[in-house]
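Listing of model.tsv; format and content: TSV, C-alpha atoms.
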```tsv
chain	number	residue	atom	x	y	z
L	289	MET	CA	13.66	162.69	23.58
L	290	THR	CA	16.48	164.10	25.68
L	291	SER	CA	19.23	166.02	23.97
L	292	TRP	CA	22.35	165.98	26.06
L	293	PRO	CA	24.59	169.05	25.94
L	294	VAL	CA	28.00	168.65	24.33
L	295	GLU	CA	30.78	169.28	26.84
L	296	ASP	CA	34.53	169.68	26.72
L	297	ILE	CA	36.42	166.56	27.77
L	298	PRO	CA	39.31	167.48	30.12
L	299	ASP	CA	42.75	166.20	29.13
L	300	ASN	CA	43.10	164.05	32.24
L	301	ASP	CA	39.79	162.24	31.86
L	302	LYS	CA	39.46	158.59	30.86
L	303	LEU	CA	37.78	157.15	27.79
L	304	PHE	CA	36.65	153.55	27.53
L	305	TYR	CA	36.94	151.63	24.27
L	306	ARG	CA	35.21	148.32	23.64
L	307	VAL	CA	37.09	145.47	21.95
L	308	ASN	CA	35.44	142.30	20.60
L	309	LYS	CA	37.46	139.21	21.57
L	310	LYS	CA	36.52	137.43	18.35
L	311	GLY	CA	39.08	139.67	16.65
L	312	LEU	CA	41.87	138.63	19.01
L	313	HIS	CA	44.14	135.63	19.43
L	314	ASP	CA	44.60	134.70	23.07
L	315	ASN	CA	42.93	138.00	24.00
L	316	GLU	CA	46.14	139.83	23.17
L	317	LEU	CA	45.93	143.57	22.60
L	318	LEU	CA	47.36	144.67	19.26
L	319	PRO	CA	47.21	147.80	17.06
L	320	SER	CA	44.53	146.10	14.96
L	321	ILE	CA	41.89	146.66	17.65
L	322	PHE	CA	41.56	150.30	16.69
L	323	ARG	CA	39.09	150.94	13.90
L	324	GLU	CA	36.64	153.57	12.77
L	325	ARG	CA	32.94	152.93	12.37
L	326	GLU	CA	30.84	155.44	10.50
L	327	GLY	CA	33.40	158.21	10.56
L	328	SER	CA	34.80	157.92	14.06
L	329	MET	CA	36.08	155.53	16.69
L	330	SER	CA	33.46	155.40	19.43
L	331	VAL	CA	34.55	155.71	23.05
L	332	ASP	CA	32.71	156.43	26.30
L	333	TRP	CA	33.67	159.34	28.54
L	334	SER	CA	34.31	158.27	32.16
L	335	LYS	CA	32.31	161.25	33.45
L	336	TYR	CA	29.11	159.50	32.39
L	337	SER	CA	30.09	155.84	32.06
L	338	THR	CA	31.97	153.13	33.82
L	339	ALA	CA	33.99	150.52	31.96
L	340	GLU	CA	31.34	147.97	32.91
L	341	GLU	CA	28.62	150.11	31.36
L	342	THR	CA	30.67	150.47	28.20
L	343	ARG	CA	30.92	146.71	27.94
L	344	ALA	CA	27.22	146.30	28.63
L	345	ARG	CA	26.39	148.45	25.59
L	346	ALA	CA	27.89	145.87	23.23
L	347	PRO	CA	25.44	143.74	21.24
L	348	ILE	CA	26.88	140.70	23.05
L	349	PRO	CA	28.68	142.01	26.17
L	350	LYS	CA	30.35	138.72	27.07
L	351	ASP	CA	32.22	138.80	23.77
L	352	ASN	CA	33.84	142.09	24.64
L	353	GLY	CA	36.58	143.56	26.79
L	354	VAL	CA	37.34	147.21	27.51
L	355	VAL	CA	40.55	149.21	27.32
L	356	MET	CA	41.12	152.68	28.70
L	357	LEU	CA	42.69	155.72	27.04
L	358	ILE	CA	43.42	159.15	28.51
L	359	ALA	CA	42.10	162.17	26.61
L	360	SER	CA	45.53	163.79	26.40
L	361	GLU	CA	46.99	160.60	24.93
L	362	ILE	CA	44.46	160.65	22.13
L	363	ARG	CA	44.94	164.35	21.48
L	364	GLY	CA	48.70	163.89	21.51
L	365	ILE	CA	48.53	161.74	18.38
L	366	ASP	CA	48.85	163.66	15.13
L	367	GLU	CA	45.56	164.51	13.48
L	368	LEU	CA	43.38	162.80	16.10
L	369	THR	CA	40.70	164.83	17.81
L	370	LEU	CA	38.39	163.85	20.62
L	371	ILE	CA	34.88	165.24	20.97
L	372	HIS	CA	31.98	164.57	23.26
L	373	ASP	CA	29.15	163.31	21.05
L	374	PRO	CA	26.24	162.28	23.28
L	375	ILE	CA	23.49	160.17	21.76
L	376	VAL	CA	20.02	159.39	23.04
L	377	ASN	CA	20.85	156.27	25.00
L	378	ASN	CA	24.41	157.15	25.90
L	379	ARG	CA	25.40	160.51	27.33
L	380	ALA	CA	29.02	159.32	27.58
L	381	HIS	CA	29.37	158.65	23.87
L	382	SER	CA	32.35	160.41	22.36
L	383	GLY	CA	34.19	160.19	19.11
L	384	VAL	CA	37.85	159.94	18.16
L	385	MET	CA	38.03	161.60	14.77
L	386	GLY	CA	40.79	161.34	12.20
L	387	LEU	CA	41.90	157.73	12.55
L	388	GLY	CA	40.94	157.06	8.94
L	389	ASP	CA	38.87	154.44	7.17
L	390	LYS	CA	39.20	152.43	3.96
L	391	SER	CA	38.78	155.57	1.88
L	392	VAL	CA	42.21	156.95	2.79
L	393	LYS	CA	44.68	156.89	-0.06
L	394	GLY	CA	48.38	157.24	-0.68
L	395	ASP	CA	50.68	158.16	2.16
L	396	GLU	CA	47.67	158.83	4.36
L	397	LYS	CA	47.54	155.04	4.74
L	398	ILE	CA	50.92	155.17	6.45
L	399	ARG	CA	49.76	157.92	8.79
L	400	LYS	CA	46.65	155.91	9.60
L	401	LEU	CA	48.88	152.97	10.49
L	402	GLN	CA	51.01	155.22	12.70
L	403	ARG	CA	47.94	156.52	14.50
L	404	ARG	CA	46.81	152.96	15.23
L	405	GLN	CA	50.26	152.09	16.50
L	406	HIS	CA	50.36	155.15	18.77
L	407	LEU	CA	46.93	154.33	20.20
L	408	PHE	CA	48.24	150.85	20.93
L	409	ASP	CA	51.35	152.30	22.60
L	410	ALA	CA	49.10	154.43	24.78
L	411	CYS	CA	47.04	151.57	26.19
L	412	SER	CA	49.17	148.45	25.84
L	413	GLU	CA	51.18	148.81	29.05
L	414	ARG	CA	48.03	149.35	31.10
L	415	GLY	CA	46.42	146.32	29.50
L	416	TRP	CA	42.76	145.53	29.82
L	417	GLU	CA	40.44	147.63	31.95
L	418	ILE	CA	38.01	144.72	31.71
L	419	HIS	CA	39.43	141.48	30.39
L	420	PRO	CA	37.16	139.75	27.85
L	421	ASP	CA	37.06	136.62	29.98
L	422	ASP	CA	35.97	138.48	33.11
L	423	MET	CA	32.39	137.64	33.90
J	134	MET	CA	74.84	129.75	8.16
J	135	LEU	CA	75.43	130.38	4.47
J	136	CYS	CA	75.04	133.76	2.93
J	137	ARG	CA	77.26	134.01	-0.06
J	138	GLU	CA	77.33	134.79	-3.73
J	139	THR	CA	78.49	131.83	-5.77
J	140	GLU	CA	81.63	132.72	-7.63
J	141	GLN	CA	81.70	129.72	-9.91
J	142	GLY	CA	78.01	129.08	-10.36
J	143	TYR	CA	76.14	126.09	-9.08
J	144	SER	CA	77.25	122.51	-9.50
J	145	GLY	CA	75.64	120.11	-11.93
J	146	GLN	CA	73.87	118.38	-9.13
J	147	GLU	CA	72.25	121.61	-8.04
J	148	GLU	CA	71.34	122.45	-11.60
J	149	ASN	CA	69.53	119.15	-11.83
J	150	LEU	CA	67.72	119.95	-8.66
J	151	PHE	CA	66.45	123.19	-10.10
J	152	SER	CA	66.14	122.22	-13.73
J	153	GLY	CA	63.96	124.68	-15.53
J	154	ILE	CA	65.19	127.71	-13.67
J	155	LEU	CA	67.31	129.30	-16.36
J	156	GLU	CA	68.95	131.75	-14.01
J	157	LEU	CA	70.89	128.94	-12.41
J	158	LYS	CA	72.91	128.54	-15.55
J	159	ASN	CA	74.21	132.07	-15.15
J	160	PRO	CA	77.44	132.03	-13.15
J	161	LYS	CA	76.47	135.37	-11.63
J	162	THR	CA	73.34	133.93	-10.16
J	163	THR	CA	73.08	134.31	-6.42
J	164	GLU	CA	71.06	132.41	-3.91
J	165	SER	CA	68.87	135.47	-3.65
J	166	ASP	CA	68.06	135.24	-7.36
J	167	VAL	CA	67.13	131.61	-6.99
J	168	LEU	CA	64.87	132.22	-4.06
J	169	SER	CA	63.28	135.22	-5.75
J	170	SER	CA	62.49	133.12	-8.80
J	171	LEU	CA	60.90	130.51	-6.66
J	172	PHE	CA	58.85	133.07	-4.80
J	173	ILE	CA	57.62	134.58	-8.05
J	174	THR	CA	56.59	131.14	-9.23
J	175	HIS	CA	54.78	130.50	-5.99
J	176	GLN	CA	53.06	133.84	-6.12
J	177	LYS	CA	51.86	133.27	-9.68
J	178	PHE	CA	50.52	129.94	-8.51
J	179	THR	CA	48.73	131.64	-5.66
J	180	GLN	CA	47.29	134.30	-7.96
J	181	LEU	CA	45.93	131.62	-10.22
J	182	GLU	CA	44.37	130.02	-7.19
J	183	ALA	CA	42.76	133.27	-6.15
J	184	ALA	CA	41.44	133.82	-9.64
J	185	SER	CA	39.65	130.51	-9.63
J	186	ASP	CA	36.41	130.02	-7.81
J	187	LEU	CA	36.59	130.73	-4.10
J	188	SER	CA	35.51	127.36	-2.80
J	189	SER	CA	38.12	125.69	-4.94
J	190	ALA	CA	40.74	128.13	-3.70
J	191	ILE	CA	39.90	127.41	-0.10
J	192	ALA	CA	40.03	123.67	-0.71
J	193	ASP	CA	43.37	123.87	-2.47
J	194	GLU	CA	44.97	126.49	-0.31
J	195	LYS	CA	45.99	124.20	2.56
J	196	THR	CA	47.54	121.69	0.22
J	197	SER	CA	49.37	124.27	-1.85
J	198	LEU	CA	50.75	126.08	1.16
J	199	SER	CA	51.85	122.82	2.65
J	200	THR	CA	53.62	121.80	-0.55
J	201	LYS	CA	55.29	125.15	-0.85
J	202	ASP	CA	56.33	125.12	2.75
J	203	GLU	CA	58.00	121.75	2.39
J	204	TYR	CA	59.83	122.99	-0.68
J	205	GLU	CA	60.90	126.21	0.95
J	206	ALA	CA	61.89	124.36	4.06
J	207	SER	CA	64.17	122.09	2.07
J	208	LEU	CA	65.63	125.13	0.34
J	209	ALA	CA	66.17	126.95	3.57
J	210	GLN	CA	67.93	124.00	5.11
J	211	LYS	CA	70.05	123.25	2.08
J	212	TYR	CA	71.19	126.71	1.15
J	213	PHE	CA	70.66	129.05	4.03
J	214	GLY	CA	71.30	126.87	6.98
J	215	ALA	CA	67.96	127.67	8.55
J	216	GLU	CA	67.16	125.32	11.34
J	217	LYS	CA	64.26	123.01	10.75
J	218	SER	CA	62.72	124.18	13.99
J	219	GLY	CA	62.58	127.70	12.62
J	220	VAL	CA	60.73	126.60	9.50
J	221	ASP	CA	58.35	124.52	11.58
J	222	GLU	CA	57.79	127.45	13.86
J	223	LEU	CA	56.90	129.66	10.89
J	224	GLN	CA	54.44	127.04	9.69
J	225	THR	CA	52.92	126.95	13.16
J	226	ILE	CA	52.60	130.73	13.22
J	227	ILE	CA	50.85	130.62	9.85
J	228	ASP	CA	48.58	127.73	10.83
J	229	ASN	CA	47.65	129.50	14.05
J	230	SER	CA	46.44	132.51	12.09
J	231	ARG	CA	43.83	130.55	10.11
J	232	TRP	CA	41.19	131.52	12.66
J	233	ILE	CA	41.05	134.91	10.94
J	234	LEU	CA	39.28	133.20	8.03
J	235	ASP	CA	36.39	132.32	10.34
J	236	LEU	CA	35.57	136.00	10.71
J	237	HIS	CA	32.87	136.73	8.17
J	238	ASP	CA	31.01	139.97	7.54
J	239	ASP	CA	29.50	141.36	10.75
J	240	TRP	CA	31.62	138.99	12.86
J	241	ASP	CA	31.50	141.45	15.75
J	242	ASP	CA	27.76	142.15	15.44
J	243	GLU	CA	28.71	145.75	14.73
J	244	GLY	CA	29.16	145.57	10.99
J	245	SER	CA	32.88	144.87	10.65
J	246	VAL	CA	34.03	143.45	7.33
J	247	GLY	CA	35.09	139.79	7.14
J	248	TYR	CA	38.37	138.39	5.84
J	249	LYS	CA	38.97	136.83	2.45
J	250	VAL	CA	41.19	133.82	1.95
J	251	GLU	CA	42.95	135.71	-0.83
J	252	THR	CA	43.98	138.44	1.61
J	253	TRP	CA	45.23	135.91	4.11
J	254	ILE	CA	47.25	134.05	1.48
J	255	ARG	CA	48.84	137.29	0.27
J	256	ALA	CA	49.69	138.21	3.86
J	257	MET	CA	51.28	134.84	4.55
J	258	ASN	CA	53.25	134.84	1.33
J	259	PHE	CA	54.51	138.32	2.09
J	260	LEU	CA	55.52	137.22	5.57
J	261	LYS	CA	57.41	134.26	4.16
J	262	ASN	CA	59.15	136.46	1.63
J	263	VAL	CA	60.28	138.85	4.34
J	264	LEU	CA	61.51	136.13	6.66
J	265	PHE	CA	63.33	134.22	3.93
J	266	SER	CA	64.90	137.48	2.76
J	267	SER	CA	66.06	138.01	6.31
J	268	VAL	CA	67.81	134.64	6.25
J	269	ASN	CA	69.03	134.92	2.70
J	270	ASP	CA	70.14	138.53	2.54
J	271	PHE	CA	71.07	139.25	6.13
J	272	CYS	CA	71.96	135.82	7.48
J	273	VAL	CA	69.67	136.25	10.45
J	274	LYS	CA	66.64	134.29	11.50
J	275	SER	CA	64.13	136.97	12.37
J	276	CYS	CA	61.52	136.87	15.06
J	277	PHE	CA	57.92	136.25	14.12
J	278	PRO	CA	55.12	138.80	14.12
J	279	LYS	CA	51.67	138.78	15.63
J	280	ILE	CA	49.12	138.25	12.87
J	281	SER	CA	45.75	139.87	13.41
J	282	PRO	CA	42.59	140.99	11.63
J	283	ALA	CA	42.55	144.75	11.13
J	284	ASP	CA	39.94	147.11	9.74
J	285	ASP	CA	38.10	146.76	6.43
J	286	GLY	CA	39.16	143.17	5.81
J	287	SER	CA	42.89	143.93	6.01
J	288	ILE	CA	45.44	141.93	7.98
J	289	ASP	CA	48.18	143.25	10.29
J	290	LEU	CA	51.64	141.82	10.86
J	291	PHE	CA	53.07	143.33	14.04
J	292	TRP	CA	56.53	142.93	15.52
J	293	LYS	CA	57.17	144.35	18.99
J	294	GLN	CA	60.64	143.79	20.33
J	295	GLU	CA	62.84	145.62	22.82
J	296	SER	CA	64.80	147.21	20.01
J	297	PHE	CA	62.04	147.96	17.51
J	298	GLN	CA	58.40	147.90	16.51
J	299	LEU	CA	57.15	147.26	13.00
J	300	LEU	CA	53.56	147.32	11.83
J	301	ILE	CA	52.59	146.13	8.35
J	302	ASN	CA	49.04	146.23	7.00
J	303	ILE	CA	48.05	144.04	4.06
J	304	PRO	CA	44.92	145.51	2.44
J	305	ALA	CA	41.96	143.45	1.32
J	306	CYS	CA	42.20	144.92	-2.15
J	307	GLU	CA	45.01	143.21	-4.06
J	308	SER	CA	45.66	146.21	-6.28
J	309	GLU	CA	46.41	148.42	-3.28
J	310	LEU	CA	49.91	148.75	-1.90
J	311	LEU	CA	50.55	147.54	1.62
J	312	ALA	CA	51.64	150.13	4.17
J	313	TYR	CA	54.27	149.73	6.86
J	314	THR	CA	55.69	151.82	9.66
J	315	GLY	CA	58.27	151.17	12.33
J	316	GLU	CA	60.37	152.79	15.00
J	317	ASN	CA	63.43	151.57	16.87
J	318	LYS	CA	64.87	152.29	20.29
J	319	TRP	CA	67.17	154.94	18.82
J	320	GLY	CA	64.21	156.92	17.54
J	321	GLU	CA	64.85	156.00	13.94
J	322	THR	CA	61.78	155.38	11.82
J	323	ILE	CA	60.87	153.51	8.69
J	324	SER	CA	57.68	153.69	6.65
J	325	GLY	CA	56.45	153.20	3.14
J	326	ARG	CA	54.04	151.55	0.75
J	327	ILE	CA	55.01	148.61	-1.42
J	328	ASN	CA	53.54	145.92	-3.63
J	329	THR	CA	52.68	142.83	-1.58
J	330	ASN	CA	54.20	140.57	-4.22
J	331	ARG	CA	57.59	142.27	-4.34
J	332	LYS	CA	60.58	141.52	-2.25
J	333	ASN	CA	61.52	144.34	0.11
J	334	PHE	CA	64.97	144.62	1.61
J	335	ASN	CA	64.13	147.55	3.88
J	336	ILE	CA	61.69	145.53	5.92
J	337	ALA	CA	63.97	142.49	6.14
J	338	ALA	CA	66.81	144.77	7.24
J	339	TRP	CA	64.62	146.38	9.87
J	340	LEU	CA	63.84	143.00	11.36
J	341	ASN	CA	67.53	142.42	11.97
J	342	LEU	CA	68.14	145.34	14.27
```
Represent the structure contained in this file as structure tokens.
Amino acid sequence: MTSWPVEDIPDNDKLFYRVNKKGLHDNELLPSIFREREGSMSVDWSKYSTAEETRARAPIPKDNGVVMLIASEIRGIDELTLIHDPIVNNRAHSGVMGLGDKSVKGDEKIRKLQRRQHLFDACSERGWEIHPDDM
Amino acid sequence: MLCRETEQGYSGQEENLFSGILELKNPKTTESDVLSSLFITHQKFTQLEAASDLSSAIADEKTSLSTKDEYEASLAQKYFGAEKSGVDELQTIIDNSRWILDLHDDWDDEGSVGYKVETWIRAMNFLKNVLFSSVNDFCVKSCFPKISPADDGSIDLFWKQESFQLLINIPACESELLAYTGENKWGETISGRINTNRKNFNIAAWLNL
């Protein structure tokens, strides 16, 4: 089993984030696309992955689109950190930590909402890197 | 468009229309009071629905919302001057969000939580409350939000306009407060946590920027 080294992700590098179209109406990007799974929001570092490869890693690729974020945009949002977190089958795998899950309480819920909104602001003008309907 | 406090109370004809609502007999009663009372009644009705068995709630939900919408529409037209097209448009927005209820647990094949009809009903009632408050309290017909499924079974209402953004998240757990945050083009911000079932003037005011 190969263990990939953890590297620093430069601020100007791209990260790809997969979005399932079943959670969208008319494939419209909204703040609700951003969510944690198992403690972080998974993204793929462009140094080791293309957007197409990110999509291909989905359980059902054709149900997914891909948006792109810049490392500095993620790090510019309060309390969000970005780390390279390679896994066996995906050297590009990285994690956005600090978005928050259902366990957050009190005013932290507001900050979680603000972080989602800021992530949306970061990628909404660029739009889709791969549109869900692209074959 | 009407937006006034009645100085001499409501007429007998209007009292007949709303017989049973004691507040109408109070000369100080405002249109806002009347609408609030009606909303509370509707919300209690909805809570009773949610408390009953789920399949029954789902079966009744369309009918109850439809009945309420017709009632609210008639109110809006009679008292607040809201155009019928606006009420119809709201109903369309609500109807078009029903697809969220088709998302069950693991809908994305990656373990995401599904959406309960109770959460959706609370979200739609809250939306109606906010929009009717906008008409009633600020005399403005507000724009409509995007309604979308968010994390952990919660539902987002999101307004993005040239002058402001507002994001509201209705949690899946009824006992939790909803959270909201917004920012306008002047850099002013608004945020907070409130009970889904309570009227909130801050949010209605924000929608009228």
Exercise for review: Write down, as a PyMOL selection string, each residue of chain L that has any atom within 9 Å of an atom of chain J, counting all atoms listed in the file.
Suggested key: chain L and resi 308-313+318-325+346-348+351+389-390+394-395+397-399+401-402+405
For the selection you just gave me, I'd like the residues written to a file as a tab-separated table (two decimals), in the coordinates of the input, keeping C-alpha atoms.
```tsv
chain	number	residue	atom	x	y	z
L	308	ASN	CA	35.44	142.30	20.60
L	309	LYS	CA	37.46	139.21	21.57
L	310	LYS	CA	36.52	137.43	18.35
L	311	GLY	CA	39.08	139.67	16.65
L	312	LEU	CA	41.87	138.63	19.01
L	313	HIS	CA	44.14	135.63	19.43
L	318	LEU	CA	47.36	144.67	19.26
L	319	PRO	CA	47.21	147.80	17.06
L	320	SER	CA	44.53	146.10	14.96
L	321	ILE	CA	41.89	146.66	17.65
L	322	PHE	CA	41.56	150.30	16.69
L	323	ARG	CA	39.09	150.94	13.90
L	324	GLU	CA	36.64	153.57	12.77
L	325	ARG	CA	32.94	152.93	12.37
L	346	ALA	CA	27.89	145.87	23.23
L	347	PRO	CA	25.44	143.74	21.24
L	348	ILE	CA	26.88	140.70	23.05
L	351	ASP	CA	32.22	138.80	23.77
L	389	ASP	CA	38.87	154.44	7.17
L	390	LYS	CA	39.20	152.43	3.96
L	394	GLY	CA	48.38	157.24	-0.68
L	395	ASP	CA	50.68	158.16	2.16
L	397	LYS	CA	47.54	155.04	4.74
L	398	ILE	CA	50.92	155.17	6.45
L	399	ARG	CA	49.76	157.92	8.79
L	401	LEU	CA	48.88	152.97	10.49
L	402	GLN	CA	51.01	155.22	12.70
L	405	GLN	CA	50.26	152.09	16.50
```
**Study point:** 10 Å contact set for Ile418 (chain L), only C-alpha atoms, chain neighbours under 5 positions out, as a PyMOL selection string
**Key:** chain L and resi 304+306-307+339-340+342-343+352-356+423
Point to revise | Two-atom distance - CA of Asn300 (chain L), CA of Trp333 (chain L) (Å) | key: 11.2 Å
Study note, to complete from the structure: For Glu367 (chain L), the closest of L:Leu303, L:Leu387, L:Ile297, L:Leu407 counting only C-alpha atoms is L:Leu387
Check your understanding: To one decimal place, how far is CA of Ser275 (chain J) from CA of Ala337 (chain J) in Å?
Key -> 8.3 Å
Exercise for review: Take CA of Leu370 (chain L) and CA of Arg404 (chain L) and report the distance between them in Å, one decimal.
Suggested key: 14.8 Å
Exercise for review: Choose the residue, out of L:His381, L:Lys350, L:Lys302, L:Arg363, that has the smallest atom-to-atom separation from Asp332 (chain L); count all atoms listed in the file.
Suggested key: L:His381
Review point. Could you name the residues that touch Asn317 (chain J) at 9 Å or less, counting all atoms listed in the file, but leaving out those on the same chain fewer than 3 positions away, as a list in words?
Key: Gln294, Glu295, Ser296, Phe297, Gln298, Leu299, Gly320, Glu321, Thr322, Ile323, Trp339 and Leu342 of chain J
**Study point:** Residue list as a list in words for point (29.1, 157.6, 30.0), cut-off 6 Å, all atoms listed in the file
**Key:** Asp332, Trp333, Ser334, Lys335, Tyr336, Ser337, Arg379 and Ala380 of chain L
Please save C-alpha atoms of the selected residues as an mmCIF file, in the frame of the given file.
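To be explicit, this is the file written out as selection.cif:
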```cif
data_model
loop_
_atom_site.group_PDB
_atom_site.id
_atom_site.type_symbol
_atom_site.label_atom_id
_atom_site.label_comp_id
_atom_site.auth_asym_id
_atom_site.auth_seq_id
_atom_site.Cartn_x
_atom_site.Cartn_y
_atom_site.Cartn_z
ATOM 1 C CA ASP L 332 32.710 156.430 26.300
ATOM 2 C CA TRP L 333 33.670 159.340 28.540
ATOM 3 C CA SER L 334 34.310 158.270 32.160
ATOM 4 C CA LYS L 335 32.310 161.250 33.450
ATOM 5 C CA TYR L 336 29.110 159.500 32.390
ATOM 6 C CA SER L 337 30.090 155.840 32.060
ATOM 7 C CA ARG L 379 25.400 160.510 27.330
ATOM 8 C CA ALA L 380 29.020 159.320 27.580
#
```
Revision key, fill the gap. Ala344 (chain L) proximity check over L:Met329, L:Tyr305, L:Ile362, L:Lys400, using only C-alpha atoms: winner is L:Tyr305
Practice item. Could you check which of L:Asp421, L:Glu295, L:Asp314, L:Asp301 is closest to Ala359 (chain L), using only C-alpha atoms? Key: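 Among the listed residues, the smallest separation from Ala359 (chain L) belongs to L:Asp301.
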Review point. Residues at most 7 Å from Asp373 (chain L), counting all atoms listed in the file, excluding those fewer than 6 positions away in the same chain, as a ChimeraX atom specification?
Key: /L:294,381-383
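Compared by their closest atoms to Asn378 (chain L), and using only C-alpha atoms, the residues L:Val331, L:Ala410, L:Ile358, L:Leu317 rank with L:Val331 nearest.
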